[in-house]
Amino acid sequence: MEALKFVRIKVLLLFLAIGLAACGGKSSVKERASFTKIDSLTENYLTLQDSVLQTWNTIMMDENKKINSMHELLHVLFASHRHDKAQLILLEQRLDQLERIRFNQKTMANPHVVDEYDFASSSLIFEIISLAESDSLFGENKELQHWVDNIKIADQRVTIYRSDYDSVTNKFNLFLEKYKDYLTNLDRDLSQEKKPLFQMAEN
C-alpha cells in the first residue's frame with residue numbers, strides 16, 4: 001500500500017509538471033517558483049515516508065529473526081531429548097501466540113498493546129534462554145549457543161531500532177503538521193494522520 005501511494009504521488013507530480021510545461025516557455029517567475037516549491041515539498045514528503053517505512057520494516061524484520069531464533073532454539077532442545085516435552089510444547093504455543101499479538105503502526109497507539117507484546121516477549125526470552133543455558137551440554141553445544149546469542153543480540157537492538165523509528169517518524173509528523181494544506185491540495189485522499197511513536201506508547 002505504501003509503495004502504491006508513492007507511485008500515485010509521483011504520477012500526480014509528473015502530470016503537474018506537464019501541465020505547467022504546457023503553459024508555454026513564457027511561464028512567469030512566480031509559476032516557476034511555485035513548481036519548484038511543489039517539487040521540493042513532494043520530494044521531502046516521499047523521502048520521509050520512505051524513511052518511516054524502512055525503519056519500521058527494520059523493526060519487523062528483526063522481530064521476525066528473533067522469534068525465528070527462539071523457534072530454532074526450541075527445536076534443538078526438542079531434538080536433545082533432555083528436557084520436558086510438555087514444557088517445550090507450551091513454550092512453542094506461547095511463541096506462536098506472540099506473533100499473533102504483535103502490534104502494528106496503528107495499534108501501537110494503544111500503550112497496552114505494546115506493553116502486552118513486550119511483556120510476553122521478555123518472559124519467553126527469559127524462560128527459553130534459561131532453559132537452554134541449564135542444559136547439561138550447553139557449554140559444548142555450539143548450536144545452542146548460536147541461537148541463544150542471536151536472541152540476546154536481537155533483543156538488545158529493540159531499543160535502538162525503536163529510537164530510530166521515533167526520530168524519523170517525529171520528523172514525518174512535524175512535516176504533516178507544517179504542510180497540511182499543501183498535502184490536501186496535492187491529494188485529498190492522502191492520509192494525513194500522524195503516526196504514533198514508541199515514546200508515546202511507553203508513557
# chains A, B, ... in the order shown; residues from 1 in each chain; ligands from 1
$ select_by_dssp --residues "region 17-136 of chain A" --states "helix (DSSP H, G or I)" --output "PyMOL selection string"
chain A and resi 17-22+29-80+85-100+107-109+111-133
$ residues_around --residues "region 39-52 of chain A" --least-positions-apart "5" --cutoff "7 Å" --atoms "only C-alpha atoms" --output "list of chain:residue names"
A:Phe6, A:Tyr165, A:Val168, A:Thr169, A:Phe172
$ atom_distance --atom1 "CA of Trp147 (chain A)" --atom2 "CA of Leu73 (chain A)"
5.7 Å
$ closest_residue --among "A:Phe78, A:Arg94, A:Asp62, A:Glu72" --to "Ser123 (chain A)" --atoms "only C-alpha atoms"
A:Arg94
$ decode --residues "region 59-188 of chain A" --atoms "C-alpha atoms" --output "PDB file, in the first residue's frame"
ATOM      1  CA  ILE A  59      11.964  -3.370  13.394  1.00  0.00           C
ATOM      2  CA  MET A  60       9.624  -6.005  11.995  1.00  0.00           C
ATOM      3  CA  MET A  61      12.379  -7.974  10.264  1.00  0.00           C
ATOM      4  CA  ASP A  62      14.441  -8.011  13.436  1.00  0.00           C
ATOM      5  CA  GLU A  63      11.430  -9.194  15.454  1.00  0.00           C
ATOM      6  CA  ASN A  64      10.921 -11.960  12.887  1.00  0.00           C
ATOM      7  CA  LYS A  65      14.557 -13.012  13.191  1.00  0.00           C
ATOM      8  CA  LYS A  66      14.340 -13.032  16.987  1.00  0.00           C
ATOM      9  CA  ILE A  67      11.173 -15.130  17.000  1.00  0.00           C
ATOM     10  CA  ASN A  68      12.654 -17.481  14.409  1.00  0.00           C
ATOM     11  CA  SER A  69      15.760 -17.885  16.572  1.00  0.00           C
ATOM     12  CA  MET A  70      13.558 -18.806  19.541  1.00  0.00           C
ATOM     13  CA  HIS A  71      11.732 -21.380  17.411  1.00  0.00           C
ATOM     14  CA  GLU A  72      15.043 -22.831  16.270  1.00  0.00           C
ATOM     15  CA  LEU A  73      16.355 -22.956  19.822  1.00  0.00           C
ATOM     16  CA  LEU A  74      13.258 -24.841  20.968  1.00  0.00           C
ATOM     17  CA  HIS A  75      13.671 -27.294  18.086  1.00  0.00           C
ATOM     18  CA  VAL A  76      17.241 -28.001  19.176  1.00  0.00           C
ATOM     19  CA  LEU A  77      16.047 -28.567  22.745  1.00  0.00           C
ATOM     20  CA  PHE A  78      13.335 -30.909  21.458  1.00  0.00           C
ATOM     21  CA  ALA A  79      15.891 -32.901  19.491  1.00  0.00           C
ATOM     22  CA  SER A  80      18.170 -33.302  22.512  1.00  0.00           C
ATOM     23  CA  HIS A  81      15.511 -35.307  24.437  1.00  0.00           C
ATOM     24  CA  ARG A  82      16.932 -33.913  27.666  1.00  0.00           C
ATOM     25  CA  HIS A  83      14.014 -31.619  28.523  1.00  0.00           C
ATOM     26  CA  ASP A  84      10.370 -31.964  29.432  1.00  0.00           C
ATOM     27  CA  LYS A  85       8.398 -32.310  26.192  1.00  0.00           C
ATOM     28  CA  ALA A  86       5.213 -30.781  27.620  1.00  0.00           C
ATOM     29  CA  GLN A  87       7.128 -27.681  28.738  1.00  0.00           C
ATOM     30  CA  LEU A  88       8.688 -27.257  25.302  1.00  0.00           C
ATOM     31  CA  ILE A  89       5.305 -27.630  23.579  1.00  0.00           C
ATOM     32  CA  LEU A  90       3.816 -24.980  25.850  1.00  0.00           C
ATOM     33  CA  LEU A  91       6.688 -22.585  25.079  1.00  0.00           C
ATOM     34  CA  GLU A  92       6.210 -23.210  21.362  1.00  0.00           C
ATOM     35  CA  GLN A  93       2.492 -22.420  21.657  1.00  0.00           C
ATOM     36  CA  ARG A  94       3.217 -19.207  23.538  1.00  0.00           C
ATOM     37  CA  LEU A  95       5.716 -18.250  20.869  1.00  0.00           C
ATOM     38  CA  ASP A  96       3.058 -18.734  18.191  1.00  0.00           C
ATOM     39  CA  GLN A  97       0.704 -16.562  20.241  1.00  0.00           C
ATOM     40  CA  LEU A  98       3.390 -13.861  20.465  1.00  0.00           C
ATOM     41  CA  GLU A  99       3.322 -13.471  16.694  1.00  0.00           C
ATOM     42  CA  ARG A 100      -0.470 -13.060  16.760  1.00  0.00           C
ATOM     43  CA  ILE A 101      -0.478 -10.277  19.357  1.00  0.00           C
ATOM     44  CA  ARG A 102       2.239  -8.236  17.667  1.00  0.00           C
ATOM     45  CA  PHE A 103       1.483  -4.529  17.333  1.00  0.00           C
ATOM     46  CA  ASN A 104       1.458  -2.598  14.050  1.00  0.00           C
ATOM     47  CA  GLN A 105       1.879   1.075  13.146  1.00  0.00           C
ATOM     48  CA  LYS A 106      -1.728   1.813  14.091  1.00  0.00           C
ATOM     49  CA  THR A 107      -2.396  -0.448  17.074  1.00  0.00           C
ATOM     50  CA  MET A 108       0.770   0.754  18.832  1.00  0.00           C
ATOM     51  CA  ALA A 109      -1.124   3.978  19.517  1.00  0.00           C
ATOM     52  CA  ASN A 110      -2.647   1.977  22.366  1.00  0.00           C
ATOM     53  CA  PRO A 111       0.120   1.673  25.002  1.00  0.00           C
ATOM     54  CA  HIS A 112      -1.365  -1.549  26.351  1.00  0.00           C
ATOM     55  CA  VAL A 113      -0.838  -3.299  23.015  1.00  0.00           C
ATOM     56  CA  VAL A 114       2.915  -2.613  23.046  1.00  0.00           C
ATOM     57  CA  ASP A 115       3.198  -3.363  26.765  1.00  0.00           C
ATOM     58  CA  GLU A 116       1.425  -6.701  26.353  1.00  0.00           C
ATOM     59  CA  TYR A 117       3.692  -7.703  23.491  1.00  0.00           C
ATOM     60  CA  ASP A 118       6.869  -6.606  25.269  1.00  0.00           C
ATOM     61  CA  PHE A 119       5.921  -8.431  28.467  1.00  0.00           C
ATOM     62  CA  ALA A 120       5.094 -11.635  26.597  1.00  0.00           C
ATOM     63  CA  SER A 121       8.291 -11.360  24.545  1.00  0.00           C
ATOM     64  CA  SER A 122      10.557 -10.689  27.529  1.00  0.00           C
ATOM     65  CA  SER A 123       9.026 -13.553  29.504  1.00  0.00           C
ATOM     66  CA  LEU A 124       9.540 -16.011  26.663  1.00  0.00           C
ATOM     67  CA  ILE A 125      13.100 -14.875  26.018  1.00  0.00           C
ATOM     68  CA  PHE A 126      13.985 -15.303  29.686  1.00  0.00           C
ATOM     69  CA  GLU A 127      12.368 -18.742  30.001  1.00  0.00           C
ATOM     70  CA  ILE A 128      13.709 -20.167  26.744  1.00  0.00           C
ATOM     71  CA  ILE A 129      17.256 -18.907  27.261  1.00  0.00           C
ATOM     72  CA  SER A 130      17.263 -20.048  30.892  1.00  0.00           C
ATOM     73  CA  LEU A 131      16.154 -23.493  29.782  1.00  0.00           C
ATOM     74  CA  ALA A 132      18.848 -23.654  27.113  1.00  0.00           C
ATOM     75  CA  GLU A 133      21.620 -22.444  29.426  1.00  0.00           C
ATOM     76  CA  SER A 134      20.588 -25.002  32.041  1.00  0.00           C
ATOM     77  CA  ASP A 135      21.205 -27.797  29.526  1.00  0.00           C
ATOM     78  CA  SER A 136      23.950 -30.076  30.803  1.00  0.00           C
ATOM     79  CA  LEU A 137      25.742 -29.861  27.446  1.00  0.00           C
ATOM     80  CA  PHE A 138      25.235 -26.147  26.809  1.00  0.00           C
ATOM     81  CA  GLY A 139      28.937 -25.342  27.162  1.00  0.00           C
ATOM     82  CA  GLU A 140      29.779 -27.866  24.459  1.00  0.00           C
ATOM     83  CA  ASN A 141      26.824 -27.334  22.135  1.00  0.00           C
ATOM     84  CA  LYS A 142      27.706 -24.643  19.587  1.00  0.00           C
ATOM     85  CA  GLU A 143      24.228 -24.756  18.037  1.00  0.00           C
ATOM     86  CA  LEU A 144      22.513 -23.954  21.336  1.00  0.00           C
ATOM     87  CA  GLN A 145      24.993 -21.142  21.956  1.00  0.00           C
ATOM     88  CA  HIS A 146      24.451 -19.770  18.453  1.00  0.00           C
ATOM     89  CA  TRP A 147      20.679 -19.396  18.844  1.00  0.00           C
ATOM     90  CA  VAL A 148      20.963 -18.018  22.382  1.00  0.00           C
ATOM     91  CA  ASP A 149      23.422 -15.358  21.180  1.00  0.00           C
ATOM     92  CA  ASN A 150      21.142 -14.461  18.245  1.00  0.00           C
ATOM     93  CA  ILE A 151      18.189 -13.944  20.578  1.00  0.00           C
ATOM     94  CA  LYS A 152      20.173 -11.824  23.040  1.00  0.00           C
ATOM     95  CA  ILE A 153      21.664  -9.609  20.327  1.00  0.00           C
ATOM     96  CA  ALA A 154      18.309  -9.083  18.630  1.00  0.00           C
ATOM     97  CA  ASP A 155      16.689  -8.192  21.947  1.00  0.00           C
ATOM     98  CA  GLN A 156      19.392  -5.634  22.649  1.00  0.00           C
ATOM     99  CA  ARG A 157      18.659  -3.943  19.310  1.00  0.00           C
ATOM    100  CA  VAL A 158      14.990  -3.303  20.167  1.00  0.00           C
ATOM    101  CA  THR A 159      15.601  -0.010  21.971  1.00  0.00           C
ATOM    102  CA  ILE A 160      17.964   1.253  19.260  1.00  0.00           C
ATOM    103  CA  TYR A 161      15.604   0.456  16.394  1.00  0.00           C
ATOM    104  CA  ARG A 162      12.591   1.913  18.174  1.00  0.00           C
ATOM    105  CA  SER A 163      14.518   5.081  18.919  1.00  0.00           C
ATOM    106  CA  ASP A 164      15.455   5.358  15.228  1.00  0.00           C
ATOM    107  CA  TYR A 165      11.810   4.894  14.271  1.00  0.00           C
ATOM    108  CA  ASP A 166      10.668   7.583  16.719  1.00  0.00           C
ATOM    109  CA  SER A 167      13.228  10.027  15.365  1.00  0.00           C
ATOM    110  CA  VAL A 168      12.236   9.552  11.722  1.00  0.00           C
ATOM    111  CA  THR A 169       8.506   9.382  12.434  1.00  0.00           C
ATOM    112  CA  ASN A 170       8.599  12.533  14.528  1.00  0.00           C
ATOM    113  CA  LYS A 171      10.102  14.396  11.569  1.00  0.00           C
ATOM    114  CA  PHE A 172       7.365  12.977   9.343  1.00  0.00           C
ATOM    115  CA  ASN A 173       4.653  14.077  11.788  1.00  0.00           C
ATOM    116  CA  LEU A 174       6.086  17.589  12.015  1.00  0.00           C
ATOM    117  CA  PHE A 175       6.147  17.768   8.209  1.00  0.00           C
ATOM    118  CA  LEU A 176       2.472  16.767   8.052  1.00  0.00           C
ATOM    119  CA  GLU A 177       1.598  19.425  10.597  1.00  0.00           C
ATOM    120  CA  LYS A 178       3.533  22.166   8.811  1.00  0.00           C
ATOM    121  CA  TYR A 179       2.350  21.408   5.266  1.00  0.00           C
ATOM    122  CA  LYS A 180      -1.156  20.103   5.935  1.00  0.00           C
ATOM    123  CA  ASP A 181      -2.840  22.496   3.478  1.00  0.00           C
ATOM    124  CA  TYR A 182      -0.326  21.708   0.740  1.00  0.00           C
ATOM    125  CA  LEU A 183      -0.844  17.973   1.129  1.00  0.00           C
ATOM    126  CA  THR A 184      -4.614  18.400   0.993  1.00  0.00           C
ATOM    127  CA  ASN A 185      -4.327  20.270  -2.309  1.00  0.00           C
ATOM    128  CA  LEU A 186      -1.904  17.700  -3.667  1.00  0.00           C
ATOM    129  CA  ASP A 187      -4.163  14.749  -2.923  1.00  0.00           C
ATOM    130  CA  ARG A 188      -7.342  14.927  -0.834  1.00  0.00           C
TER     131      ARG A 188
END
